[in-house]
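As structure tokens, the structure follows; a few thoughts come after it.
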Number of protein chains: 2
Amino acid sequence: MSGQSASLNETIRSEIAGRILSGEWPPGHRIPIELELMAAYGCSRMTVNKVLAALAAEGLIERRRRAGSFVGRQRSQSAVLDIPDVRAEVKALGLPWRMDILARSVRRSTAADRARLGEGAGPRVLALACRHFAGAPVHAIEDRLIDLEAVPEAETAEFDAVPPGAWLLSHVPWSQAEHRIAAVPADDALAGLLGVQPGAACLQVDRRTWRSGRPVTAVRMTHPGDGYSLVARFAPGA
Amino acid sequence: MSGQSASLNETIRSEIAGRILSGEWPPGHRIPIELELMAAYGCSRMTVNKVLAALAAEGLIERRRRAGSFVGRQRSQSAVLDIPDVRAEVKALGLPWRMDILARSVRRSTAADRARLGEGAGPRVLALACRHFAGAPVHAIEDRLIDLEAVPEAETAEFDAVPPGAWLLSHVPWSQAEHRIAAVPADDALAGLLGVQPGAACLQVDRRTWRSGRPVTAVRMTHPGDGYSLVARFAPGA
DNA sequence: CCGTTCAATATGTCTATACAATAATGCCGG
DNA sequence: CCGGCATTATTGTATAGACATATTGAACGG
């Protein structure tokens, strides 16, 4: 009883979703057919249809013609992982963000570059190495490759005030990405840059990004293991 | 051109989504109003409304009364992280899965236990420690706490054939969860169990699970850093 | 110049109806 | 008992119309 009358739509939706999420209707349970819901709520079929279609789009239920609608099977555990912009992330900690550019070069892409970017990589790349600080300590080392065929503007862009990741986000409209997260020991070079002991545990996030099937960028962010963690949240319903 | 005529619904949907994902309509761009789309496709308003409502539910567009519909702003980078069942994960590698139970005890929950489970933890818990093998090498150490008030059946459950995570998934209908991923060095005890050198980098995934606001379980999975990584995928549209 | 009021506009929700597509069910003949 | 065919229940898609609701932009008045 929230007092605020929601739309009929929402009322039906939350009642059904509630029963599923509470476990009252377990996976595989058959949901009343549209005609029954229609009668139960005294509304038209379109209304319940819209609700059920939305629940199906979310994956909460499955619908089969002639058979009925059923509570969805438990999906494999998955979570939404926030991979925020480095600058925003550091500022969210209340620390000043600062960035060094360690190296920057434009070159013909080597075989290794093309392997890193994946199928369809262009002939020229921009290679960038940056160091991000959160206050005094190093927050991450960024090792990035940008395909200049996919993002020609990158060649002349200044990356001194904006992290390359954020710059790309606002210049490449939409993307598909793959992330790989691993724990690795710091080698000597990395240890020096990060300010940790050689062999210290580091969290390494590799991300490859595509736009309409063509590689855009490949980046490896390496964080010192102490004092850094990724957080993911999972909520099946909404 | 698939040749197969999709529903009008799908046609409109994919045309709009295509323009957004290709970048033709950048974030913030105003989408034709329903009346215009209606005229463009020669269909009724309900049809375009359904399409736009679905796109809005997905987050691809934003709608404001009187103002119109707009291509959504770039969302903060986020990805769907698959956190599969350990057994399935090992078997997907083509390796035989095996599990040791290192310790199992039922106890009154200590302050530390309640802190680990979070607000609302019950008075009794089941503590479990397991070791998962992928072939001969150790794949992970599982250190789990189950709230017996939330899952009383767990007290008598045998966990010899099924990993506790999978057992819970099929006994606790739905969940909300929080994950924290970090790189940590192995301490001596952990190094012995995992079969790695003390100080070696390990990937540590902490997960806390709730059901309707009450804690269910808290688990820490620690993987040897070499030869293990989490993979996440990201696709804004579908 | 600023705040208030108001109407126009675009979305939000709902109805009643219609026909299409699909697949489970049952019937019938062999 | 079983294969094939017709039946029919259920969802899928679409239409035309109606009224509700929020919010912008403009007109108006102090």
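Order determines the names: the first chain of the structure tokens is A, the second B, and so forth; residues in each chain are numbered 1 upward, and ligands are numbered 1 upward as they are shown.
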
*asked:* What parts of region 59-99 of chain B does DSSP call alpha helix (DSSP H)? I'd like the answer as an NGL selection string.
replied: :B and (86-92)

For N, CA, C and O atoms, I'd like the residues from the last selection saved as a PDB file, in the first residue's frame.
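To be explicit, this is the file written out as part-v1.pdb:
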```
ATOM      1  N   VAL B  86      30.762 -23.329 -10.499  1.00  0.00           N
ATOM      2  CA  VAL B  86      32.146 -23.813 -10.563  1.00  0.00           C
ATOM      3  C   VAL B  86      32.253 -25.090 -11.384  1.00  0.00           C
ATOM      4  O   VAL B  86      33.148 -25.242 -12.215  1.00  0.00           O
ATOM      5  N   ARG B  87      31.323 -25.994 -11.143  1.00  0.00           N
ATOM      6  CA  ARG B  87      31.416 -27.287 -11.821  1.00  0.00           C
ATOM      7  C   ARG B  87      31.279 -27.110 -13.326  1.00  0.00           C
ATOM      8  O   ARG B  87      32.067 -27.655 -14.106  1.00  0.00           O
ATOM      9  N   ALA B  88      30.276 -26.300 -13.729  1.00  0.00           N
ATOM     10  CA  ALA B  88      30.074 -26.066 -15.159  1.00  0.00           C
ATOM     11  C   ALA B  88      31.292 -25.403 -15.776  1.00  0.00           C
ATOM     12  O   ALA B  88      31.697 -25.711 -16.894  1.00  0.00           O
ATOM     13  N   GLU B  89      31.864 -24.495 -15.014  1.00  0.00           N
ATOM     14  CA  GLU B  89      33.024 -23.745 -15.481  1.00  0.00           C
ATOM     15  C   GLU B  89      34.206 -24.685 -15.744  1.00  0.00           C
ATOM     16  O   GLU B  89      34.869 -24.599 -16.784  1.00  0.00           O
ATOM     17  N   VAL B  90      34.437 -25.585 -14.815  1.00  0.00           N
ATOM     18  CA  VAL B  90      35.554 -26.519 -14.974  1.00  0.00           C
ATOM     19  C   VAL B  90      35.281 -27.468 -16.136  1.00  0.00           C
ATOM     20  O   VAL B  90      36.145 -27.730 -16.970  1.00  0.00           O
ATOM     21  N   LYS B  91      34.060 -27.945 -16.199  1.00  0.00           N
ATOM     22  CA  LYS B  91      33.728 -28.899 -17.269  1.00  0.00           C
ATOM     23  C   LYS B  91      33.805 -28.228 -18.629  1.00  0.00           C
ATOM     24  O   LYS B  91      34.139 -28.877 -19.625  1.00  0.00           O
ATOM     25  N   ALA B  92      33.514 -26.927 -18.677  1.00  0.00           N
ATOM     26  CA  ALA B  92      33.610 -26.203 -19.946  1.00  0.00           C
ATOM     27  C   ALA B  92      35.051 -26.164 -20.433  1.00  0.00           C
ATOM     28  O   ALA B  92      35.309 -26.023 -21.628  1.00  0.00           O
TER      29      ALA B  92
END
```

Matching every Cα in sequence order between the two identical chains, what are the coordinates of chain A once fitted onto chain B? Write them as a PDB file with C-alpha atoms, in the first residue's frame.
```pdb
ATOM      1  CA  MET A   1      17.432  -8.071 -46.616  1.00  0.00           C
ATOM      2  CA  SER A   2      17.172 -11.313 -44.743  1.00  0.00           C
ATOM      3  CA  GLY A   3      14.344 -12.484 -46.943  1.00  0.00           C
ATOM      4  CA  GLN A   4      12.396 -13.514 -43.865  1.00  0.00           C
ATOM      5  CA  SER A   5       9.749 -10.897 -43.222  1.00  0.00           C
ATOM      6  CA  ALA A   6       9.937  -9.972 -39.556  1.00  0.00           C
ATOM      7  CA  SER A   7       7.060  -8.358 -37.778  1.00  0.00           C
ATOM      8  CA  LEU A   8       6.444  -4.695 -38.448  1.00  0.00           C
ATOM      9  CA  ASN A   9       7.301  -4.227 -34.827  1.00  0.00           C
ATOM     10  CA  GLU A  10      10.752  -5.691 -35.328  1.00  0.00           C
ATOM     11  CA  THR A  11      11.325  -3.824 -38.546  1.00  0.00           C
ATOM     12  CA  ILE A  12      10.729  -0.459 -36.954  1.00  0.00           C
ATOM     13  CA  ARG A  13      12.650  -1.426 -33.879  1.00  0.00           C
ATOM     14  CA  SER A  14      15.735  -2.538 -35.710  1.00  0.00           C
ATOM     15  CA  GLU A  15      15.731   0.510 -37.974  1.00  0.00           C
ATOM     16  CA  ILE A  16      15.688   2.872 -35.029  1.00  0.00           C
ATOM     17  CA  ALA A  17      18.124   0.833 -32.959  1.00  0.00           C
ATOM     18  CA  GLY A  18      20.414   0.581 -35.987  1.00  0.00           C
ATOM     19  CA  ARG A  19      20.576   4.323 -36.420  1.00  0.00           C
ATOM     20  CA  ILE A  20      21.371   4.793 -32.764  1.00  0.00           C
ATOM     21  CA  LEU A  21      23.986   2.073 -32.553  1.00  0.00           C
ATOM     22  CA  SER A  22      25.662   3.122 -35.767  1.00  0.00           C
ATOM     23  CA  GLY A  23      25.997   6.643 -34.476  1.00  0.00           C
ATOM     24  CA  GLU A  24      23.803   8.162 -37.187  1.00  0.00           C
ATOM     25  CA  TRP A  25      21.581   9.411 -34.392  1.00  0.00           C
ATOM     26  CA  PRO A  26      23.964  10.532 -31.661  1.00  0.00           C
ATOM     27  CA  PRO A  27      23.078  10.730 -27.969  1.00  0.00           C
ATOM     28  CA  GLY A  28      20.634  13.540 -27.378  1.00  0.00           C
ATOM     29  CA  HIS A  29      19.268  13.398 -30.932  1.00  0.00           C
ATOM     30  CA  ARG A  30      15.542  13.799 -31.171  1.00  0.00           C
ATOM     31  CA  ILE A  31      13.667  10.847 -32.564  1.00  0.00           C
ATOM     32  CA  PRO A  32      10.650  11.453 -34.831  1.00  0.00           C
ATOM     33  CA  ILE A  33       7.470  11.703 -32.824  1.00  0.00           C
ATOM     34  CA  GLU A  34       4.981   8.881 -32.815  1.00  0.00           C
ATOM     35  CA  LEU A  35       2.717  10.547 -35.383  1.00  0.00           C
ATOM     36  CA  GLU A  36       5.616  10.910 -37.816  1.00  0.00           C
ATOM     37  CA  LEU A  37       6.746   7.316 -37.408  1.00  0.00           C
ATOM     38  CA  MET A  38       3.149   6.225 -37.768  1.00  0.00           C
ATOM     39  CA  ALA A  39       2.929   8.045 -41.080  1.00  0.00           C
ATOM     40  CA  ALA A  40       6.362   6.882 -42.198  1.00  0.00           C
ATOM     41  CA  TYR A  41       5.565   3.228 -41.679  1.00  0.00           C
ATOM     42  CA  GLY A  42       1.841   3.466 -42.380  1.00  0.00           C
ATOM     43  CA  CYS A  43       0.848   1.821 -39.138  1.00  0.00           C
ATOM     44  CA  SER A  44      -1.151   2.666 -36.080  1.00  0.00           C
ATOM     45  CA  ARG A  45       0.148   4.610 -33.146  1.00  0.00           C
ATOM     46  CA  MET A  46       0.053   1.622 -30.798  1.00  0.00           C
ATOM     47  CA  THR A  47       2.609  -0.121 -32.953  1.00  0.00           C
ATOM     48  CA  VAL A  48       5.221   2.607 -32.838  1.00  0.00           C
ATOM     49  CA  ASN A  49       4.369   3.250 -29.208  1.00  0.00           C
ATOM     50  CA  LYS A  50       5.189  -0.322 -28.344  1.00  0.00           C
ATOM     51  CA  VAL A  51       8.526  -0.079 -30.112  1.00  0.00           C
ATOM     52  CA  LEU A  52       9.491   3.166 -28.434  1.00  0.00           C
ATOM     53  CA  ALA A  53       8.360   1.955 -25.028  1.00  0.00           C
ATOM     54  CA  ALA A  54      10.523  -1.149 -25.401  1.00  0.00           C
ATOM     55  CA  LEU A  55      13.547   0.897 -26.467  1.00  0.00           C
ATOM     56  CA  ALA A  56      12.989   3.156 -23.475  1.00  0.00           C
ATOM     57  CA  ALA A  57      12.766   0.171 -21.123  1.00  0.00           C
ATOM     58  CA  GLU A  58      16.139  -0.947 -22.438  1.00  0.00           C
ATOM     59  CA  GLY A  59      17.609   2.476 -21.893  1.00  0.00           C
ATOM     60  CA  LEU A  60      18.455   3.075 -25.545  1.00  0.00           C
ATOM     61  CA  ILE A  61      16.166   6.093 -25.645  1.00  0.00           C
ATOM     62  CA  GLU A  62      14.567   8.467 -23.165  1.00  0.00           C
ATOM     63  CA  ARG A  63      11.048   9.777 -23.485  1.00  0.00           C
ATOM     64  CA  ARG A  64       9.555  12.943 -22.038  1.00  0.00           C
ATOM     65  CA  ARG A  65       5.952  13.960 -22.342  1.00  0.00           C
ATOM     66  CA  ARG A  66       5.330  16.884 -24.570  1.00  0.00           C
ATOM     67  CA  ALA A  67       9.051  17.134 -25.335  1.00  0.00           C
ATOM     68  CA  GLY A  68       9.603  14.008 -27.417  1.00  0.00           C
ATOM     69  CA  SER A  69      11.894  11.004 -27.490  1.00  0.00           C
ATOM     70  CA  PHE A  70      15.664  11.291 -27.468  1.00  0.00           C
ATOM     71  CA  VAL A  71      18.607   8.993 -27.934  1.00  0.00           C
ATOM     72  CA  GLY A  72      19.921   8.076 -24.489  1.00  0.00           C
ATOM     73  CA  ARG A  73      23.095   9.533 -23.095  1.00  0.00           C
ATOM     74  CA  GLN A  74      26.077   7.269 -22.977  1.00  0.00           C
ATOM     75  CA  ARG A  75      25.696   5.130 -19.919  1.00  0.00           C
ATOM     76  CA  SER A  76      28.650   4.547 -17.692  1.00  0.00           C
ATOM     77  CA  GLN A  77      30.616   1.616 -19.003  1.00  0.00           C
ATOM     78  CA  SER A  78      29.150  -1.529 -17.613  1.00  0.00           C
ATOM     79  CA  ALA A  79      29.357  -5.138 -18.569  1.00  0.00           C
ATOM     80  CA  VAL A  80      27.573  -8.346 -17.909  1.00  0.00           C
ATOM     81  CA  LEU A  81      29.847 -10.591 -15.953  1.00  0.00           C
ATOM     82  CA  ASP A  82      29.153 -14.290 -16.109  1.00  0.00           C
ATOM     83  CA  ILE A  83      29.802 -15.970 -12.793  1.00  0.00           C
ATOM     84  CA  PRO A  84      29.166 -19.559 -13.681  1.00  0.00           C
ATOM     85  CA  ASP A  85      28.743 -22.470 -11.394  1.00  0.00           C
ATOM     86  CA  VAL A  86      32.167 -23.863 -10.534  1.00  0.00           C
ATOM     87  CA  ARG A  87      31.416 -27.341 -11.777  1.00  0.00           C
ATOM     88  CA  ALA A  88      30.044 -26.115 -15.100  1.00  0.00           C
ATOM     89  CA  GLU A  89      33.015 -23.820 -15.445  1.00  0.00           C
ATOM     90  CA  VAL A  90      35.527 -26.593 -14.936  1.00  0.00           C
ATOM     91  CA  LYS A  91      33.684 -28.975 -17.222  1.00  0.00           C
ATOM     92  CA  ALA A  92      33.556 -26.274 -19.901  1.00  0.00           C
ATOM     93  CA  LEU A  93      37.362 -26.409 -19.839  1.00  0.00           C
ATOM     94  CA  GLY A  94      37.155 -30.093 -20.633  1.00  0.00           C
ATOM     95  CA  LEU A  95      38.594 -31.045 -17.261  1.00  0.00           C
ATOM     96  CA  PRO A  96      37.148 -33.376 -14.661  1.00  0.00           C
ATOM     97  CA  TRP A  97      35.687 -31.563 -11.699  1.00  0.00           C
ATOM     98  CA  ARG A  98      36.279 -32.812  -8.183  1.00  0.00           C
ATOM     99  CA  MET A  99      35.676 -31.291  -4.785  1.00  0.00           C
ATOM    100  CA  ASP A 100      37.077 -31.810  -1.281  1.00  0.00           C
ATOM    101  CA  ILE A 101      35.246 -30.629   1.784  1.00  0.00           C
ATOM    102  CA  LEU A 102      37.964 -29.257   4.028  1.00  0.00           C
ATOM    103  CA  ALA A 103      35.755 -28.216   6.920  1.00  0.00           C
ATOM    104  CA  ARG A 104      32.128 -28.074   7.799  1.00  0.00           C
ATOM    105  CA  SER A 105      30.541 -26.782  10.960  1.00  0.00           C
ATOM    106  CA  VAL A 106      27.291 -25.462  12.284  1.00  0.00           C
ATOM    107  CA  ARG A 107      27.656 -22.785  14.941  1.00  0.00           C
ATOM    108  CA  ARG A 108      26.062 -19.838  16.613  1.00  0.00           C
ATOM    109  CA  SER A 109      26.985 -16.913  14.444  1.00  0.00           C
ATOM    110  CA  THR A 110      29.851 -14.843  15.776  1.00  0.00           C
ATOM    111  CA  ALA A 111      30.102 -11.119  15.378  1.00  0.00           C
ATOM    112  CA  ALA A 112      32.508 -11.709  12.507  1.00  0.00           C
ATOM    113  CA  ASP A 113      30.016 -14.009  10.789  1.00  0.00           C
ATOM    114  CA  ARG A 114      27.259 -11.442  11.087  1.00  0.00           C
ATOM    115  CA  ALA A 115      29.536  -8.747   9.737  1.00  0.00           C
ATOM    116  CA  ARG A 116      30.363 -10.920   6.767  1.00  0.00           C
ATOM    117  CA  LEU A 117      26.751 -11.754   5.996  1.00  0.00           C
ATOM    118  CA  GLY A 118      25.515  -8.222   6.550  1.00  0.00           C
ATOM    119  CA  GLU A 119      22.508  -6.642   8.237  1.00  0.00           C
ATOM    120  CA  GLY A 120      19.785  -9.001   9.355  1.00  0.00           C
ATOM    121  CA  ALA A 121      21.879 -12.146   9.669  1.00  0.00           C
ATOM    122  CA  GLY A 122      20.324 -14.962  11.707  1.00  0.00           C
ATOM    123  CA  PRO A 123      21.653 -16.559  14.907  1.00  0.00           C
ATOM    124  CA  ARG A 124      23.024 -19.765  13.388  1.00  0.00           C
ATOM    125  CA  VAL A 125      25.258 -20.364  10.418  1.00  0.00           C
ATOM    126  CA  LEU A 126      26.771 -23.209   8.459  1.00  0.00           C
ATOM    127  CA  ALA A 127      30.441 -22.658   7.676  1.00  0.00           C
ATOM    128  CA  LEU A 128      31.935 -24.581   4.770  1.00  0.00           C
ATOM    129  CA  ALA A 129      35.374 -24.752   3.279  1.00  0.00           C
ATOM    130  CA  CYS A 130      35.849 -26.638  -0.001  1.00  0.00           C
ATOM    131  CA  ARG A 131      38.567 -27.164  -2.506  1.00  0.00           C
ATOM    132  CA  HIS A 132      37.655 -27.474  -6.178  1.00  0.00           C
ATOM    133  CA  PHE A 133      39.917 -29.277  -8.611  1.00  0.00           C
ATOM    134  CA  ALA A 134      40.118 -28.938 -12.366  1.00  0.00           C
ATOM    135  CA  GLY A 135      41.892 -32.144 -13.212  1.00  0.00           C
ATOM    136  CA  ALA A 136      44.917 -32.343 -10.953  1.00  0.00           C
ATOM    137  CA  PRO A 137      45.474 -28.627 -10.240  1.00  0.00           C
ATOM    138  CA  VAL A 138      43.376 -26.797  -7.684  1.00  0.00           C
ATOM    139  CA  HIS A 139      40.877 -24.538  -9.345  1.00  0.00           C
ATOM    140  CA  ALA A 140      39.576 -22.653  -6.349  1.00  0.00           C
ATOM    141  CA  ILE A 141      39.196 -22.565  -2.610  1.00  0.00           C
ATOM    142  CA  GLU A 142      35.668 -21.866  -1.484  1.00  0.00           C
ATOM    143  CA  ASP A 143      35.045 -20.347   1.921  1.00  0.00           C
ATOM    144  CA  ARG A 144      31.328 -20.053   2.523  1.00  0.00           C
ATOM    145  CA  LEU A 145      28.899 -19.027   5.225  1.00  0.00           C
ATOM    146  CA  ILE A 146      25.227 -19.944   4.919  1.00  0.00           C
ATOM    147  CA  ASP A 147      22.583 -18.334   7.099  1.00  0.00           C
ATOM    148  CA  LEU A 148      20.577 -21.238   8.497  1.00  0.00           C
ATOM    149  CA  GLU A 149      17.594 -19.032   9.233  1.00  0.00           C
ATOM    150  CA  ALA A 150      17.328 -18.203   5.543  1.00  0.00           C
ATOM    151  CA  VAL A 151      18.098 -21.736   4.299  1.00  0.00           C
ATOM    152  CA  PRO A 152      17.299 -24.281   7.042  1.00  0.00           C
ATOM    153  CA  GLU A 153      17.566 -27.208   4.610  1.00  0.00           C
ATOM    154  CA  ALA A 154      21.267 -26.514   4.245  1.00  0.00           C
ATOM    155  CA  GLU A 155      21.962 -27.951   7.695  1.00  0.00           C
ATOM    156  CA  THR A 156      21.220 -31.489   6.573  1.00  0.00           C
ATOM    157  CA  ALA A 157      22.290 -31.188   2.942  1.00  0.00           C
ATOM    158  CA  GLU A 158      25.109 -33.334   1.596  1.00  0.00           C
ATOM    159  CA  PHE A 159      27.498 -31.257  -0.417  1.00  0.00           C
ATOM    160  CA  ASP A 160      29.604 -34.070  -1.771  1.00  0.00           C
ATOM    161  CA  ALA A 161      28.278 -34.311  -5.308  1.00  0.00           C
ATOM    162  CA  VAL A 162      27.073 -30.781  -5.953  1.00  0.00           C
ATOM    163  CA  PRO A 163      28.994 -27.581  -5.298  1.00  0.00           C
ATOM    164  CA  PRO A 164      27.324 -25.551  -2.554  1.00  0.00           C
ATOM    165  CA  GLY A 165      26.819 -22.665  -4.950  1.00  0.00           C
ATOM    166  CA  ALA A 166      24.813 -24.817  -7.344  1.00  0.00           C
ATOM    167  CA  TRP A 167      22.869 -26.373  -4.488  1.00  0.00           C
ATOM    168  CA  LEU A 168      21.872 -22.952  -3.218  1.00  0.00           C
ATOM    169  CA  LEU A 169      20.928 -21.765  -6.686  1.00  0.00           C
ATOM    170  CA  SER A 170      18.380 -24.533  -6.961  1.00  0.00           C
ATOM    171  CA  HIS A 171      17.072 -24.155  -3.397  1.00  0.00           C
ATOM    172  CA  VAL A 172      16.915 -20.402  -3.005  1.00  0.00           C
ATOM    173  CA  PRO A 173      14.633 -19.172  -5.729  1.00  0.00           C
ATOM    174  CA  TRP A 174      15.972 -15.768  -6.481  1.00  0.00           C
ATOM    175  CA  SER A 175      18.592 -13.493  -5.188  1.00  0.00           C
ATOM    176  CA  GLN A 176      20.211 -10.164  -5.117  1.00  0.00           C
ATOM    177  CA  ALA A 177      23.950 -10.242  -4.981  1.00  0.00           C
ATOM    178  CA  GLU A 178      27.025  -8.105  -4.651  1.00  0.00           C
ATOM    179  CA  HIS A 179      30.425  -9.097  -5.936  1.00  0.00           C
ATOM    180  CA  ARG A 180      33.809  -7.751  -5.114  1.00  0.00           C
ATOM    181  CA  ILE A 181      36.766  -8.801  -7.200  1.00  0.00           C
ATOM    182  CA  ALA A 182      40.312  -8.249  -6.065  1.00  0.00           C
ATOM    183  CA  ALA A 183      43.860  -9.490  -6.586  1.00  0.00           C
ATOM    184  CA  VAL A 184      45.520 -10.680  -3.388  1.00  0.00           C
ATOM    185  CA  PRO A 185      48.744 -12.443  -2.504  1.00  0.00           C
ATOM    186  CA  ALA A 186      48.398 -15.964  -1.154  1.00  0.00           C
ATOM    187  CA  ASP A 187      49.168 -16.251   2.524  1.00  0.00           C
ATOM    188  CA  ASP A 188      50.920 -19.392   3.772  1.00  0.00           C
ATOM    189  CA  ALA A 189      47.767 -21.377   4.509  1.00  0.00           C
ATOM    190  CA  LEU A 190      46.150 -20.481   1.206  1.00  0.00           C
ATOM    191  CA  ALA A 191      49.339 -21.168  -0.703  1.00  0.00           C
ATOM    192  CA  GLY A 192      49.424 -24.654   0.728  1.00  0.00           C
ATOM    193  CA  LEU A 193      45.851 -25.353  -0.204  1.00  0.00           C
ATOM    194  CA  LEU A 194      46.095 -23.909  -3.685  1.00  0.00           C
ATOM    195  CA  GLY A 195      49.454 -25.411  -4.425  1.00  0.00           C
ATOM    196  CA  VAL A 196      51.161 -22.120  -5.236  1.00  0.00           C
ATOM    197  CA  GLN A 197      54.051 -20.173  -3.737  1.00  0.00           C
ATOM    198  CA  PRO A 198      53.254 -17.957  -0.769  1.00  0.00           C
ATOM    199  CA  GLY A 199      52.732 -14.432  -2.047  1.00  0.00           C
ATOM    200  CA  ALA A 200      51.577 -15.611  -5.485  1.00  0.00           C
ATOM    201  CA  ALA A 201      48.847 -13.498  -7.075  1.00  0.00           C
ATOM    202  CA  CYS A 202      45.343 -14.897  -6.625  1.00  0.00           C
ATOM    203  CA  LEU A 203      42.011 -13.739  -7.923  1.00  0.00           C
ATOM    204  CA  GLN A 204      39.557 -13.401  -5.098  1.00  0.00           C
ATOM    205  CA  VAL A 205      35.833 -13.084  -5.732  1.00  0.00           C
ATOM    206  CA  ASP A 206      33.641 -12.228  -2.755  1.00  0.00           C
ATOM    207  CA  ARG A 207      29.934 -12.635  -3.217  1.00  0.00           C
ATOM    208  CA  ARG A 208      27.133 -11.817  -0.816  1.00  0.00           C
ATOM    209  CA  THR A 209      23.619 -12.918  -1.623  1.00  0.00           C
ATOM    210  CA  TRP A 210      20.291 -11.734  -0.265  1.00  0.00           C
ATOM    211  CA  ARG A 211      16.775 -12.954  -0.658  1.00  0.00           C
ATOM    212  CA  SER A 212      14.064 -10.389  -0.113  1.00  0.00           C
ATOM    213  CA  GLY A 213      16.426  -8.275   1.905  1.00  0.00           C
ATOM    214  CA  ARG A 214      17.721 -11.031   4.210  1.00  0.00           C
ATOM    215  CA  PRO A 215      21.249 -12.389   3.880  1.00  0.00           C
ATOM    216  CA  VAL A 216      21.478 -15.899   2.487  1.00  0.00           C
ATOM    217  CA  THR A 217      25.139 -16.629   1.979  1.00  0.00           C
ATOM    218  CA  ALA A 218      28.544 -15.045   1.784  1.00  0.00           C
ATOM    219  CA  VAL A 219      31.274 -16.767  -0.149  1.00  0.00           C
ATOM    220  CA  ARG A 220      34.884 -16.115  -0.999  1.00  0.00           C
ATOM    221  CA  MET A 221      36.281 -17.977  -3.984  1.00  0.00           C
ATOM    222  CA  THR A 222      40.029 -17.753  -4.332  1.00  0.00           C
ATOM    223  CA  HIS A 223      41.593 -18.835  -7.606  1.00  0.00           C
ATOM    224  CA  PRO A 224      45.254 -19.231  -8.433  1.00  0.00           C
ATOM    225  CA  GLY A 225      46.209 -16.267 -10.588  1.00  0.00           C
ATOM    226  CA  ASP A 226      47.877 -18.250 -13.314  1.00  0.00           C
ATOM    227  CA  GLY A 227      45.418 -19.866 -15.641  1.00  0.00           C
ATOM    228  CA  TYR A 228      42.271 -18.297 -14.371  1.00  0.00           C
ATOM    229  CA  SER A 229      40.356 -15.263 -15.517  1.00  0.00           C
ATOM    230  CA  LEU A 230      36.853 -13.923 -15.447  1.00  0.00           C
ATOM    231  CA  VAL A 231      35.270 -12.918 -18.707  1.00  0.00           C
ATOM    232  CA  ALA A 232      32.603 -10.289 -19.184  1.00  0.00           C
ATOM    233  CA  ARG A 233      30.788  -9.193 -22.264  1.00  0.00           C
ATOM    234  CA  PHE A 234      29.094  -5.905 -23.023  1.00  0.00           C
ATOM    235  CA  ALA A 235      26.550  -5.080 -25.695  1.00  0.00           C
ATOM    236  CA  PRO A 236      24.456  -1.969 -25.205  1.00  0.00           C
ATOM    237  CA  GLY A 237      21.681  -2.814 -27.643  1.00  0.00           C
ATOM    238  CA  ALA A 238      20.487  -6.380 -27.312  1.00  0.00           C
TER     239      ALA A 238
END
```

How close does each residue of chain D get to chain B, giving the shortest atom pair and distance in Å to one decimal for every residue with an atom at most 12 Å away, counting only C-alpha atoms (C1' of nucleotides), sorted by chain and residue number, as a tab-separated table?
```
residue	atom	partner	partner_atom	distance
D:DG12	C1'	B:Ser7	CA	9.5
D:DT13	C1'	B:Ser7	CA	7.6
D:DA14	C1'	B:Thr47	CA	7.2
D:DT15	C1'	B:Ser44	CA	6.3
D:DA16	C1'	B:Ser44	CA	7.6
D:DG17	C1'	B:Arg45	CA	10.5
D:DT21	C1'	B:Arg65	CA	8.4
D:DA22	C1'	B:Arg65	CA	5.8
D:DT23	C1'	B:Arg66	CA	5.7
D:DT24	C1'	B:Arg66	CA	6.7
D:DG25	C1'	B:Arg66	CA	10.7
```

*asked:* Please identify the strand (DSSP E) residues within region 36-146 of chain B (assignment by DSSP from backbone atoms) and present them as a ChimeraX atom specification.
replied: /B:61-64,68-71,78-82,97-108,124-134,138-146

What does the file look like for those residues with C-alpha atoms, as a compact mmCIF listing (two decimals), in the first residue's frame?
```txt
# COMPACT_ATOMS: atom_id res chain seq x y z
CA ILE B 61 16.32 5.80 -25.60
CA GLU B 62 14.80 8.15 -23.06
CA ARG B 63 11.31 9.50 -23.28
CA ARG B 64 9.90 12.66 -21.75
CA GLY B 68 9.87 13.83 -27.09
CA SER B 69 12.12 10.80 -27.27
CA PHE B 70 15.88 11.03 -27.31
CA VAL B 71 18.78 8.70 -27.86
CA SER B 78 29.16 -1.57 -17.59
CA ALA B 79 29.35 -5.17 -18.58
CA VAL B 80 27.54 -8.38 -17.93
CA LEU B 81 29.79 -10.60 -15.95
CA ASP B 82 29.08 -14.29 -16.08
CA TRP B 97 35.72 -31.48 -11.72
CA ARG B 98 36.31 -32.73 -8.22
CA MET B 99 35.70 -31.20 -4.82
CA ASP B 100 37.07 -31.73 -1.31
CA ILE B 101 35.24 -30.55 1.73
CA LEU B 102 37.94 -29.16 3.99
CA ALA B 103 35.73 -28.13 6.87
CA ARG B 104 32.08 -28.00 7.76
CA SER B 105 30.50 -26.73 10.91
CA VAL B 106 27.23 -25.40 12.22
CA ARG B 107 27.58 -22.75 14.86
CA ARG B 108 25.97 -19.81 16.56
CA ARG B 124 22.93 -19.76 13.31
CA VAL B 125 25.18 -20.33 10.33
CA LEU B 126 26.72 -23.17 8.39
CA ALA B 127 30.39 -22.60 7.61
CA LEU B 128 31.89 -24.52 4.72
CA ALA B 129 35.35 -24.68 3.23
CA CYS B 130 35.83 -26.55 -0.03
CA ARG B 131 38.57 -27.08 -2.54
CA HIS B 132 37.65 -27.39 -6.21
CA PHE B 133 39.94 -29.19 -8.64
CA ALA B 134 40.14 -28.85 -12.40
CA VAL B 138 43.38 -26.71 -7.70
CA HIS B 139 40.88 -24.44 -9.35
CA ALA B 140 39.58 -22.55 -6.36
CA ILE B 141 39.18 -22.48 -2.63
CA GLU B 142 35.64 -21.79 -1.51
CA ASP B 143 35.01 -20.28 1.89
CA ARG B 144 31.28 -20.01 2.48
CA LEU B 145 28.85 -18.98 5.18
CA ILE B 146 25.17 -19.91 4.87
```
